[in-house]
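Novice: Take a look at the following structure, please.
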Amino acid sequence: MLPAERLIVFCNPGDRRSEGIQQARSRLGMPPAVLIPYAGLLLGQPLADLLEQAGYWPDMLPEQEQPLGGVSQQAGQRVDGMQVLDALQGQAQVNSPAPDRQPDLTQLAAQGRDSSRQSRLAAPAPAAPAPDTAPPLLRLESPGGSFETERALIALGAPDAPDADDSLHPYGGQPDLRPLSFKAAGALQDMPGVLHHPSQWFRGYCRLLARIQREAGHLLPSARWTNHPGEIAAMTDKRRTQQLLAAAGVPIPRPLKGSSGEAPVDYASLRGLMLSQRMHRVFIKLASGSAASGVIAYQLNPATGAEVAVTTIGVESYITRPPVYYNSGKLRRYTDSALLAGIINWLYRHGAYAEQWIPKSGAGGQSFDIRQLVVAGVACHSVARVSRTPITNLHLRSRRMTPAEAGLSEDMQAEVRHTAEQSLAAFPHSSVAGIDVLVGSTGRTYTADVNPFGDLLYDVEYHGCSTYEWEMKQLSGRNLAL
Amino acid sequence: MTAVKLSIDYDAFEEGKRIETEIEQLSNSPEAAGVSSLTIGDWGQAYENSSEDAVQALVKHSASFPALRRLFIGEMGYEECEISWITQTDLSPLLPAYPELQSLTAQGGTNLRLSQLQHEKLEELIIITGGLGKNVLADIAAANLPNLQKLELYLGVDNYGFDGGLEDLYPLIAPGKFPKLTYLGLKNSEIQDEIAAALADAPILDQLETLDLSLGTLSDTGAEALLASGKIKGLKLLNLSHHYMSDGMIQRWKNSGLPADVSDQQKSDDEDDWRYPSITE
């Protein structure tokens with residue numbers, strides 16, 4: 001059996017995602033993943049230092065090839081794990097922010113170090129590891145859940161930020177409107193749910209991804225990505241996602257655009273196009289939003305001119321300064337044109353995407369869509385998100401059912417899986433995504449969204465595995481997309 | 001006995017499919033004679049197009065549907081059309097065309113009329129709206145429906161077309177208006193407390209088995225009036241589900257031993273304001 005490759009996860013350590021991964025690995029008897037905190041990267045620490053602090057064996061890093069003090073090794077000699085642990089202890093205690101997890105990590109380092117030594121001695125060129133040593137696997141997790149990370153990303157997206165590599169930003173050449181300076185962004189206050197500056201956040205996120213890609217490529221040239229940073233950037237921008245899906249022939253809700261392909265750019269052009277294209281019911285989505293953040297189900301009555309919007313966007317209006325928009329856990333319903341013009345213009349300023357509102361199937365005043373996880377090309381865990389509202393995300397009090405419980409036939413379930421697999425295939429360098437599939441009332445399927453971190457699904461099993469357990473079992477260098 | 005639903009979704013309508021053609025095709029099919037329940041769903045962008053074409057086609061082909069007993073015009077959800085935007089028409093031509101009809105349901109209040117509401121056998125009339133106009137209430141007040149057993153009206157709010165008041169409801173509950181009525185629903189109303197108070201001692205309660213005041217803004221005020229009434233004791237069901245009554249009032253209903261459904265308590269908006277972070281997935 002091949003030795004399991006090391007897994008390096010970029011994340012906010014201690015959050016539900018990183019904990020979920022570690023629990024899954026522990027249950028499967030796999031060594032824990034090496035966790036690289038976004039916070040450290042955003043503080044400017046080099047990836048090499050963070051890898052070392054996290055217990056990644058330093059001798060695998062090309063420019064840090066010094067043996068660890070006190071441990072002598074010979075070719076083919078198996079190193080006792082405890083020996084290395086002793087030798088590492090002092091150093092690790094200084095570096096590790098979580099001393100309770102330290103023995104595991106150092107033990108892990110010892111194992112990795114052991115096999116890497118063997119391979120390097122067996123193979124003449126260290127850059128090309130011997131077949132029995134798998135190159136490390138790199139995994140990017142959601143940067144969400146931490147205001148400090150959010151603020152640092154907005155700062156990193158500032159026009160005057162020190163690192164301005166926009167190569168992964170799908171629309172990097174278009175400047176963000178009304179940007180915050182590096183300093184102003186760094187001074188943002190935590191206001192729960194407030195959408196501070198989504199487009200600048202996304203730019204900062206793309207810059208961070210570019211930097212991780214750069215440094216990892218240098219330090220770990222043979223490493224593989226579960227999802228490539230460039231594709232994570234593309235999945236996080238709905239405009240680009242839908243473009244790639246359409247190009248790959250995946251069925252998507254029809255985008256709202258004019259006869260010469262022009263997309264709406266603000267409230268006025270949105271309404272103009274809705275009337276001229278006879279698309280009176282649309283979903284408008286913040287291009288870089290997720291978890292129903294910045295989503296509006298919007299209708300324009302061509303006969304009366306009335307409009308109604310159901311949305312997660314809450315508004316705090318002020319007389320002397322611009323309104324503050326926030327993610328409301330209670331769906332809001334707006335019919336006031338001035339208010340709607342404000343919200344929709346704000347969305348478009350940060351990049352937005354409008355598509356046909358596909359009537360979702362359902363019964364008894366409820367409708368649903370399917371979150372279908374795809375791992376290594378194969379559809380696995382799925383959840384029907386059943387709601388009495390047009391926006392079905394689970395944290396918005398939707399009910400979760402199995403697709404069968406929601407009334408989806410075997411044939412339609414197979415169709416959903418197929419559509420989801422097709423969707424992930426549109427991202428050839430990615431191996432995990434949660435695909436949101438709509439089943440129209442006439443039985444057609446459409447992909448509404450591709451979520452690179454759409455695997456945080458509790459209490460759903462596939463072949464007896466949680467989502468993370470299944471991923472850990474399925475994802476190795478042998479069957480990655482890349 | 002067959003139940004059939006016909007509807008035209010957005011794309012089908014854009015591609016030229018029409019509800020009147022669907023109705024005609026059904027009328028020409030072998031199953032037409034056995035259709036006992038027919039539901040007309042979305043007739044194609046119902047916020048722009050009224051149900052008139054569907055009604056005309058149903059009248060024209062009524063001879064093909066001798067078994068029809070239940071008819072629903074406008075069954076569609078928010079995924080297809082805002083309820084308050086569904087454009088209806090005068091549905092009364094359907095009644096003489098289907099003399100054996102027992103149940104008529106309409107959803108959507110915009111342009112809805114029932115101008116000649118006369119039928120010997122109709123047992124159920126259900127109108128679901130976000131706002132029911134007082135002209136429709138007047139139509140019902142002028143109706144001749146000797147066999148009506150269930151009248152269920154979703155009254156809605158003035159924002160969406162409810163322009164009436166209690167004075168428009170009194171004629172509906174006048175003694176002898178609907179002699180066989182056993183189920184009265186005056187529900188989904190923003191004046192639910194007033195309605196409750198008006199009904200609490202109304203003579204019509206003596207003939208009712210079910211009083212349905214659900215889905216509205218019923219608060220402790222309306223509930224007090226009901227609890228003080230002697231007439232509600234004869235009901236088999238008092239449906240107050242989806243309400244704004246206090247915990248204390250809910251307990252009083254439970255202690256009363258009356259068959260009241262007090263489920264689905266609503267909270268006022270202030271208590272329901274929570275925010276979530278833009279977690280990324």
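Identifiers in the structure tokens: chain A, B, ... in order shown; residue index from 1 per chain; ligand index from 1 in order shown.
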For chain A against chain B, which residues fall within 7 Å using only C-alpha atoms, given as a tab-separated table (two decimals) with C-alpha atoms, in the first residue's frame?
Specialist:
chain	number	residue	atom	x	y	z
A	142	SER	CA	-13.31	28.68	3.14
A	144	GLY	CA	-15.21	32.75	6.04
A	145	GLY	CA	-16.24	32.84	9.64
A	192	PRO	CA	-22.38	41.40	12.48
A	193	GLY	CA	-23.60	40.49	9.03
A	290	SER	CA	-22.22	32.86	-1.12
A	291	ALA	CA	-24.63	31.42	1.43
A	293	SER	CA	-25.53	36.63	0.71
A	301	ASN	CA	-44.89	43.36	-13.40
A	302	PRO	CA	-44.96	44.40	-17.05
A	303	ALA	CA	-48.64	45.26	-16.87
A	327	ASN	CA	-27.19	39.78	5.58
A	328	SER	CA	-30.59	39.38	7.19
A	329	GLY	CA	-31.47	35.98	8.58
A	330	LYS	CA	-35.10	36.83	8.01
A	359	PRO	CA	-39.76	27.90	-10.89
A	360	LYS	CA	-38.48	25.18	-8.62
A	365	GLY	CA	-46.53	25.64	-0.96
A	390	PRO	CA	-37.63	31.44	-3.02
A	451	ASN	CA	-19.65	26.10	-4.31
A	452	PRO	CA	-15.98	25.25	-3.83
A	453	PHE	CA	-16.63	24.90	-0.08
A	454	GLY	CA	-20.09	23.41	-0.39
Novice: Near Tyr458 (chain A), within 10 Å and counting only C-alpha atoms, which residues show up once chain neighbours fewer than 5 positions away are dropped, as a PyMOL selection string?
Specialist: chain A and resi 20+383+466-468
Novice: So how many Å separate CA of Gly377 (chain A) and CA of Ala248 (chain A), to one decimal?
Specialist: 14.9 Å
Novice: Using only C-alpha atoms, which residues sit within 8 Å of Ala33 (chain B) once same-chain residues fewer than 5 positions away are excluded, as number ranges by chain?
Specialist: B: 64-67
Novice: Those same residues - all heavy atoms - I'd like them written as a compact mmCIF listing (two decimals), in the first residue's frame.
Specialist:
# COMPACT_ATOMS: atom_id res chain seq x y z
N SER B 64 -67.68 18.27 -22.84
CA SER B 64 -66.71 17.16 -22.87
C SER B 64 -66.33 16.70 -21.47
O SER B 64 -65.62 15.71 -21.32
CB SER B 64 -65.43 17.59 -23.59
OG SER B 64 -65.73 18.09 -24.87
N PHE B 65 -66.77 17.45 -20.44
CA PHE B 65 -66.36 17.11 -19.06
C PHE B 65 -67.59 16.88 -18.17
O PHE B 65 -67.82 17.60 -17.20
CB PHE B 65 -65.51 18.25 -18.47
CG PHE B 65 -64.26 18.57 -19.25
CD1 PHE B 65 -64.16 19.76 -19.97
CD2 PHE B 65 -63.19 17.68 -19.27
CE1 PHE B 65 -63.01 20.06 -20.69
CE2 PHE B 65 -62.03 17.98 -19.99
CZ PHE B 65 -61.95 19.17 -20.70
N PRO B 66 -68.37 15.85 -18.52
CA PRO B 66 -69.62 15.65 -17.76
C PRO B 66 -69.40 15.26 -16.30
O PRO B 66 -70.28 15.46 -15.48
CB PRO B 66 -70.30 14.50 -18.53
CG PRO B 66 -69.17 13.76 -19.19
CD PRO B 66 -68.16 14.82 -19.55
N ALA B 67 -68.22 14.72 -15.98
CA ALA B 67 -68.00 14.22 -14.61
C ALA B 67 -67.35 15.27 -13.72
O ALA B 67 -67.10 15.01 -12.54
CB ALA B 67 -67.11 12.97 -14.66
Novice: Mind listing the strand (DSSP E or B) residues of region 52-221 of chain B, per DSSP on the backbone, as an NGL selection string?
Specialist: :B and (70-73 or 87 or 90 or 103-107 or 110 or 113 or 118 or 124-128 or 131 or 144 or 150-156 or 183-189 or 210-212)
Novice: Can you pull out the residues contacting Ala263 (chain A)? Cut-off 9 Å, using only C-alpha atoms, and skip same-chain residues under 5 positions away; I want them as a PyMOL selection string.
Specialist: chain A and resi 255-258+269-270+273+353-354
Novice: Go ahead and save the picked residues with N, CA, C and O atoms, as a compact mmCIF listing (two decimals), in the first residue's frame.
Specialist:
# COMPACT_ATOMS: atom_id res chain seq x y z
N PRO A 255 -29.18 33.47 -18.60
CA PRO A 255 -28.75 34.76 -18.07
C PRO A 255 -29.55 35.90 -18.70
O PRO A 255 -29.95 35.82 -19.86
N LEU A 256 -29.75 36.96 -17.92
CA LEU A 256 -30.44 38.14 -18.47
C LEU A 256 -29.42 38.96 -19.24
O LEU A 256 -28.44 39.47 -18.66
N LYS A 257 -29.63 39.06 -20.54
CA LYS A 257 -28.76 39.90 -21.35
C LYS A 257 -29.51 40.34 -22.60
O LYS A 257 -30.49 39.70 -23.00
N GLY A 258 -29.01 41.41 -23.19
CA GLY A 258 -29.69 41.96 -24.34
C GLY A 258 -29.38 41.19 -25.61
O GLY A 258 -28.61 40.23 -25.60
N SER A 269 -30.90 49.61 -16.19
CA SER A 269 -30.67 48.70 -17.32
C SER A 269 -31.23 47.31 -17.01
O SER A 269 -31.66 46.59 -17.91
N LEU A 270 -31.23 46.94 -15.74
CA LEU A 270 -31.84 45.66 -15.36
C LEU A 270 -33.32 45.64 -15.74
O LEU A 270 -33.81 44.72 -16.40
N LEU A 273 -33.85 45.62 -19.53
CA LEU A 273 -33.62 44.31 -20.14
C LEU A 273 -34.71 43.31 -19.75
O LEU A 273 -35.10 42.47 -20.56
N TYR A 353 -24.93 39.43 -11.03
CA TYR A 353 -25.29 38.54 -12.12
C TYR A 353 -26.79 38.31 -12.02
O TYR A 353 -27.31 38.05 -10.94
N ALA A 354 -27.50 38.43 -13.15
CA ALA A 354 -28.95 38.22 -13.13
C ALA A 354 -29.30 37.09 -14.08
O ALA A 354 -28.78 37.01 -15.20
Novice: How far is it from CA of Met472 (chain A) to CA of Ile21 (chain A), in Å with one decimal?
Specialist: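 Rounded to one decimal, the two atoms are 7.9 Å apart.
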Novice: So that I can check the surroundings of Ala376 (chain A), please list as a VMD selection string every protein, DNA and RNA residue that reaches within 10 Å of it, counting only C-alpha atoms and ignoring chain neighbours fewer than 5 positions away.
Specialist: chain A and resid 226 421 424 to 425 430 to 433 471 474 to 476 479 to 481
Novice: Kindly export the residues of the current selection with all heavy atoms, as an mmCIF file, in the first residue's frame.
Specialist:
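Final output, saved to selection06.cif:
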data_model
loop_
_atom_site.group_PDB
_atom_site.id
_atom_site.type_symbol
_atom_site.label_atom_id
_atom_site.label_comp_id
_atom_site.auth_asym_id
_atom_site.auth_seq_id
_atom_site.Cartn_x
_atom_site.Cartn_y
_atom_site.Cartn_z
ATOM 1 N N THR A 226 -6.393 19.930 -4.318
ATOM 2 C CA THR A 226 -7.728 19.322 -4.478
ATOM 3 C C THR A 226 -8.563 20.213 -5.402
ATOM 4 O O THR A 226 -9.209 19.726 -6.317
ATOM 5 C CB THR A 226 -8.462 19.147 -3.127
ATOM 6 O OG1 THR A 226 -8.460 20.388 -2.454
ATOM 7 C CG2 THR A 226 -7.802 18.118 -2.273
ATOM 8 N N GLU A 421 -22.239 16.377 -11.804
ATOM 9 C CA GLU A 421 -20.929 15.873 -12.244
ATOM 10 C C GLU A 421 -20.425 16.648 -13.457
ATOM 11 O O GLU A 421 -19.255 17.009 -13.556
ATOM 12 C CB GLU A 421 -21.030 14.365 -12.555
ATOM 13 C CG GLU A 421 -21.176 13.525 -11.295
ATOM 14 C CD GLU A 421 -21.512 12.056 -11.581
ATOM 15 O OE1 GLU A 421 -21.653 11.688 -12.773
ATOM 16 O OE2 GLU A 421 -21.632 11.279 -10.609
ATOM 17 N N LEU A 424 -19.006 20.031 -12.217
ATOM 18 C CA LEU A 424 -17.644 20.013 -11.673
ATOM 19 C C LEU A 424 -16.637 19.786 -12.798
ATOM 20 O O LEU A 424 -15.534 20.334 -12.785
ATOM 21 C CB LEU A 424 -17.490 18.947 -10.586
ATOM 22 C CG LEU A 424 -16.109 18.950 -9.906
ATOM 23 C CD1 LEU A 424 -15.830 20.275 -9.217
ATOM 24 C CD2 LEU A 424 -15.966 17.806 -8.924
ATOM 25 N N ALA A 425 -17.036 19.019 -13.802
ATOM 26 C CA ALA A 425 -16.130 18.741 -14.917
ATOM 27 C C ALA A 425 -15.788 20.005 -15.703
ATOM 28 O O ALA A 425 -14.783 20.046 -16.425
ATOM 29 C CB ALA A 425 -16.738 17.686 -15.843
ATOM 30 N N SER A 430 -10.314 20.811 -10.459
ATOM 31 C CA SER A 430 -10.953 20.796 -9.144
ATOM 32 C C SER A 430 -11.612 19.449 -8.895
ATOM 33 O O SER A 430 -12.147 18.832 -9.810
ATOM 34 C CB SER A 430 -12.003 21.905 -9.043
ATOM 35 O OG SER A 430 -11.364 23.161 -9.099
ATOM 36 N N SER A 431 -11.565 19.029 -7.644
ATOM 37 C CA SER A 431 -12.060 17.701 -7.291
ATOM 38 C C SER A 431 -13.199 17.696 -6.286
ATOM 39 O O SER A 431 -13.737 16.646 -5.981
ATOM 40 C CB SER A 431 -10.920 16.853 -6.722
ATOM 41 O OG SER A 431 -9.876 16.769 -7.655
ATOM 42 N N VAL A 432 -13.530 18.861 -5.719
ATOM 43 C CA VAL A 432 -14.623 18.916 -4.743
ATOM 44 C C VAL A 432 -15.462 20.159 -4.996
ATOM 45 O O VAL A 432 -14.908 21.257 -5.094
ATOM 46 C CB VAL A 432 -14.100 19.027 -3.292
ATOM 47 C CG1 VAL A 432 -15.277 19.147 -2.312
ATOM 48 C CG2 VAL A 432 -13.245 17.845 -2.914
ATOM 49 N N ALA A 433 -16.761 19.983 -5.094
ATOM 50 C CA ALA A 433 -17.638 21.158 -5.075
ATOM 51 C C ALA A 433 -19.048 20.714 -4.721
ATOM 52 O O ALA A 433 -19.459 19.592 -5.028
ATOM 53 C CB ALA A 433 -17.642 21.886 -6.418
ATOM 54 N N GLU A 471 -14.449 12.405 1.393
ATOM 55 C CA GLU A 471 -13.414 13.129 0.646
ATOM 56 C C GLU A 471 -12.031 12.614 1.000
ATOM 57 O O GLU A 471 -11.179 12.436 0.124
ATOM 58 C CB GLU A 471 -13.507 14.630 0.951
ATOM 59 C CG GLU A 471 -14.729 15.277 0.332
ATOM 60 C CD GLU A 471 -14.897 16.724 0.776
ATOM 61 O OE1 GLU A 471 -13.879 17.380 1.058
ATOM 62 O OE2 GLU A 471 -16.044 17.184 0.852
ATOM 63 N N GLN A 474 -11.522 9.441 -0.766
ATOM 64 C CA GLN A 474 -11.506 9.475 -2.234
ATOM 65 C C GLN A 474 -10.363 10.291 -2.806
ATOM 66 O O GLN A 474 -9.902 10.024 -3.911
ATOM 67 C CB GLN A 474 -12.825 10.066 -2.756
ATOM 68 C CG GLN A 474 -14.041 9.241 -2.419
ATOM 69 C CD GLN A 474 -13.929 7.833 -2.945
ATOM 70 O OE1 GLN A 474 -13.672 7.628 -4.126
ATOM 71 N NE2 GLN A 474 -14.072 6.848 -2.077
ATOM 72 N N LEU A 475 -9.952 11.314 -2.067
ATOM 73 C CA LEU A 475 -9.003 12.257 -2.650
ATOM 74 C C LEU A 475 -7.584 11.861 -2.313
ATOM 75 O O LEU A 475 -7.155 11.934 -1.173
ATOM 76 C CB LEU A 475 -9.276 13.667 -2.129
ATOM 77 C CG LEU A 475 -10.621 14.250 -2.536
ATOM 78 C CD1 LEU A 475 -10.803 15.612 -1.912
ATOM 79 C CD2 LEU A 475 -10.726 14.351 -4.052
ATOM 80 N N SER A 476 -6.886 11.437 -3.285
ATOM 81 C CA SER A 476 -5.460 11.249 -3.120
ATOM 82 C C SER A 476 -4.857 11.596 -4.469
ATOM 83 O O SER A 476 -5.573 11.821 -5.436
ATOM 84 C CB SER A 476 -5.145 9.810 -2.732
ATOM 85 O OG SER A 476 -5.297 8.985 -3.866
ATOM 86 N N ASN A 479 -6.249 9.992 -7.784
ATOM 87 C CA ASN A 479 -7.477 10.236 -8.552
ATOM 88 C C ASN A 479 -7.912 11.692 -8.554
ATOM 89 O O ASN A 479 -9.061 12.009 -8.808
ATOM 90 C CB ASN A 479 -8.614 9.338 -8.050
ATOM 91 C CG ASN A 479 -8.893 9.558 -6.576
ATOM 92 O OD1 ASN A 479 -8.275 10.436 -5.970
ATOM 93 N ND2 ASN A 479 -9.784 8.788 -6.008
ATOM 94 N N LEU A 480 -6.986 12.572 -8.266
ATOM 95 C CA LEU A 480 -7.329 13.983 -8.343
ATOM 96 C C LEU A 480 -7.553 14.413 -9.781
ATOM 97 O O LEU A 480 -7.005 13.835 -10.703
ATOM 98 C CB LEU A 480 -6.211 14.837 -7.751
ATOM 99 C CG LEU A 480 -6.158 14.909 -6.233
ATOM 100 C CD1 LEU A 480 -5.117 15.910 -5.819
ATOM 101 C CD2 LEU A 480 -7.516 15.310 -5.697
ATOM 102 N N ALA A 481 -8.328 15.461 -9.921
ATOM 103 C CA ALA A 481 -8.596 15.965 -11.268
ATOM 104 C C ALA A 481 -7.314 16.475 -11.910
ATOM 105 O O ALA A 481 -7.108 16.348 -13.114
ATOM 106 C CB ALA A 481 -9.628 17.078 -11.193
#
Novice: Residues at most 8 Å from Ala48 (chain A), counting only C-alpha atoms, excluding those fewer than 2 positions away in the same chain, as a PyMOL selection string?
Specialist: chain A and resi 46+50-52+61+219
Novice: Compare B:Glu120, B:Glu22, B:Glu167, B:Glu152 by their minimum atom-to-atom distance to Ala138 (chain B), counting only C-alpha atoms, and give me the closest one.
Specialist: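 Closest candidate: B:Glu167.
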Novice: So which residues touch Glu209 (chain B) within 9 Å, counting only C-alpha atoms, skipping near sequence neighbours fewer than 5 positions away, as number ranges by chain?
Specialist: B: 181-184, 234-238
Novice: Atoms to include: N, CA, C and O atoms. Write the selected residues as an mmCIF file, in the first residue's frame.
Specialist:
data_model
loop_
_atom_site.group_PDB
_atom_site.id
_atom_site.type_symbol
_atom_site.label_atom_id
_atom_site.label_comp_id
_atom_site.auth_asym_id
_atom_site.auth_seq_id
_atom_site.Cartn_x
_atom_site.Cartn_y
_atom_site.Cartn_z
ATOM 1 N N LEU B 181 -74.576 26.256 5.332
ATOM 2 C CA LEU B 181 -73.155 26.495 5.618
ATOM 3 C C LEU B 181 -72.746 25.871 6.955
ATOM 4 O O LEU B 181 -73.377 26.116 7.988
ATOM 5 N N THR B 182 -71.678 25.075 6.914
ATOM 6 C CA THR B 182 -71.140 24.524 8.167
ATOM 7 C C THR B 182 -69.677 24.905 8.376
ATOM 8 O O THR B 182 -69.132 24.700 9.451
ATOM 9 N N TYR B 183 -69.038 25.399 7.318
ATOM 10 C CA TYR B 183 -67.623 25.781 7.430
ATOM 11 C C TYR B 183 -67.509 27.216 6.941
ATOM 12 O O TYR B 183 -67.789 27.509 5.779
ATOM 13 N N LEU B 184 -67.097 28.091 7.842
ATOM 14 C CA LEU B 184 -66.895 29.482 7.445
ATOM 15 C C LEU B 184 -65.448 29.867 7.733
ATOM 16 O O LEU B 184 -64.974 29.764 8.868
ATOM 17 N N GLY B 234 -70.246 25.334 20.610
ATOM 18 C CA GLY B 234 -70.840 24.334 19.735
ATOM 19 C C GLY B 234 -69.970 23.945 18.558
ATOM 20 O O GLY B 234 -70.310 23.026 17.812
ATOM 21 N N LEU B 235 -68.833 24.636 18.372
ATOM 22 C CA LEU B 235 -67.981 24.346 17.215
ATOM 23 C C LEU B 235 -67.236 23.034 17.392
ATOM 24 O O LEU B 235 -66.839 22.672 18.503
ATOM 25 N N LYS B 236 -67.021 22.358 16.263
ATOM 26 C CA LYS B 236 -66.159 21.168 16.303
ATOM 27 C C LYS B 236 -64.707 21.557 16.114
ATOM 28 O O LYS B 236 -63.794 20.848 16.519
ATOM 29 N N LEU B 237 -64.487 22.679 15.416
ATOM 30 C CA LEU B 237 -63.105 23.153 15.248
ATOM 31 C C LEU B 237 -63.095 24.666 15.129
ATOM 32 O O LEU B 237 -63.853 25.241 14.341
ATOM 33 N N LEU B 238 -62.244 25.268 15.925
ATOM 34 C CA LEU B 238 -61.997 26.699 15.808
ATOM 35 C C LEU B 238 -60.534 26.846 15.386
ATOM 36 O O LEU B 238 -59.615 26.619 16.172
#
Novice: If I take CA of Glu194 (chain B) and CA of Lys231 (chain B), how far is one from the other in Å, to one decimal?
Specialist: 16.8 Å
Novice: Using the chain letters and numbers from this document, which residues of region 333-387 of chain A does DSSP assign to helix (DSSP H, G or I), as number ranges by chain?
Specialist: A: 337-349
Novice: Using only all heavy atoms, please write the residues we just selected to a file, as a tab-separated table (two decimals), in the first residue's frame.
Specialist:
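Once written, out_20.tsv looks like this:
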chain	number	residue	atom	x	y	z
A	337	SER	N	-39.78	51.31	-4.75
A	337	SER	CA	-38.85	51.43	-5.88
A	337	SER	C	-37.55	52.13	-5.50
A	337	SER	O	-36.47	51.73	-5.94
A	337	SER	CB	-39.51	52.19	-7.03
A	337	SER	OG	-40.57	51.43	-7.53
A	338	ALA	N	-37.65	53.17	-4.68
A	338	ALA	CA	-36.43	53.92	-4.34
A	338	ALA	C	-35.47	53.03	-3.55
A	338	ALA	O	-34.27	52.99	-3.80
A	338	ALA	CB	-36.80	55.15	-3.53
A	339	LEU	N	-36.04	52.29	-2.62
A	339	LEU	CA	-35.22	51.38	-1.82
A	339	LEU	C	-34.58	50.30	-2.70
A	339	LEU	O	-33.38	50.00	-2.59
A	339	LEU	CB	-36.11	50.74	-0.75
A	339	LEU	CG	-35.41	49.86	0.29
A	339	LEU	CD1	-34.55	50.72	1.19
A	339	LEU	CD2	-36.44	49.10	1.11
A	340	LEU	N	-35.41	49.74	-3.60
A	340	LEU	CA	-34.91	48.68	-4.47
A	340	LEU	C	-33.83	49.21	-5.41
A	340	LEU	O	-32.84	48.52	-5.68
A	340	LEU	CB	-36.07	48.07	-5.27
A	340	LEU	CG	-36.87	47.05	-4.48
A	340	LEU	CD1	-38.16	46.70	-5.20
A	340	LEU	CD2	-36.02	45.80	-4.29
A	341	ALA	N	-34.03	50.42	-5.93
A	341	ALA	CA	-33.02	51.00	-6.82
A	341	ALA	C	-31.70	51.11	-6.06
A	341	ALA	O	-30.63	50.79	-6.60
A	341	ALA	CB	-33.48	52.37	-7.31
A	342	GLY	N	-31.76	51.52	-4.80
A	342	GLY	CA	-30.55	51.64	-3.99
A	342	GLY	C	-29.85	50.31	-3.82
A	342	GLY	O	-28.64	50.19	-4.03
A	343	ILE	N	-30.62	49.30	-3.47
A	343	ILE	CA	-30.02	47.98	-3.23
A	343	ILE	C	-29.42	47.43	-4.53
A	343	ILE	O	-28.30	46.93	-4.55
A	343	ILE	CB	-31.08	46.98	-2.70
A	343	ILE	CG1	-31.62	47.44	-1.35
A	343	ILE	CG2	-30.49	45.59	-2.60
A	343	ILE	CD1	-32.76	46.57	-0.83
A	344	ILE	N	-30.20	47.51	-5.60
A	344	ILE	CA	-29.76	46.87	-6.85
A	344	ILE	C	-28.56	47.63	-7.43
A	344	ILE	O	-27.60	47.02	-7.93
A	344	ILE	CB	-30.94	46.75	-7.83
A	344	ILE	CG1	-31.93	45.71	-7.28
A	344	ILE	CG2	-30.47	46.37	-9.23
A	344	ILE	CD1	-33.24	45.62	-8.01
A	345	ASN	N	-28.57	48.95	-7.36
A	345	ASN	CA	-27.40	49.70	-7.83
A	345	ASN	C	-26.16	49.37	-7.01
A	345	ASN	O	-25.06	49.25	-7.55
A	345	ASN	CB	-27.67	51.21	-7.79
A	345	ASN	CG	-28.56	51.64	-8.95
A	345	ASN	OD1	-28.53	51.02	-10.02
A	345	ASN	ND2	-29.33	52.69	-8.74
A	346	TRP	N	-26.35	49.19	-5.72
A	346	TRP	CA	-25.22	48.83	-4.86
A	346	TRP	C	-24.67	47.46	-5.26
A	346	TRP	O	-23.46	47.25	-5.37
A	346	TRP	CB	-25.67	48.84	-3.40
A	346	TRP	CG	-24.60	48.42	-2.45
A	346	TRP	CD1	-23.59	49.19	-1.94
A	346	TRP	CD2	-24.41	47.11	-1.90
A	346	TRP	NE1	-22.79	48.44	-1.11
A	346	TRP	CE2	-23.27	47.16	-1.07
A	346	TRP	CE3	-25.09	45.89	-2.04
A	346	TRP	CZ2	-22.80	46.04	-0.37
A	346	TRP	CZ3	-24.62	44.78	-1.34
A	346	TRP	CH2	-23.49	44.87	-0.52
A	347	LEU	N	-25.60	46.50	-5.52
A	347	LEU	CA	-25.16	45.16	-5.93
A	347	LEU	C	-24.34	45.23	-7.21
A	347	LEU	O	-23.27	44.62	-7.31
A	347	LEU	CB	-26.36	44.26	-6.19
A	347	LEU	CG	-26.95	43.42	-5.08
A	347	LEU	CD1	-27.98	42.46	-5.66
A	347	LEU	CD2	-25.88	42.62	-4.35
A	348	TYR	N	-24.85	45.98	-8.18
A	348	TYR	CA	-24.13	46.06	-9.46
A	348	TYR	C	-22.80	46.77	-9.32
A	348	TYR	O	-21.85	46.47	-10.06
A	348	TYR	CB	-25.01	46.68	-10.54
A	348	TYR	CG	-25.85	45.62	-11.23
A	348	TYR	CD1	-27.19	45.44	-10.92
A	348	TYR	CD2	-25.27	44.74	-12.14
A	348	TYR	CE1	-27.94	44.44	-11.51
A	348	TYR	CE2	-26.00	43.73	-12.73
A	348	TYR	CZ	-27.35	43.59	-12.41
A	348	TYR	OH	-28.07	42.57	-13.00
A	349	ARG	N	-22.72	47.70	-8.39
A	349	ARG	CA	-21.43	48.36	-8.19
A	349	ARG	C	-20.38	47.35	-7.74
A	349	ARG	O	-19.20	47.47	-8.04
A	349	ARG	CB	-21.59	49.45	-7.13
A	349	ARG	CG	-20.77	50.67	-7.40
A	349	ARG	CD	-21.29	51.90	-6.70
A	349	ARG	NE	-21.37	51.79	-5.27
A	349	ARG	CZ	-22.43	52.16	-4.56
A	349	ARG	NH1	-23.50	52.66	-5.17
A	349	ARG	NH2	-22.43	52.07	-3.26
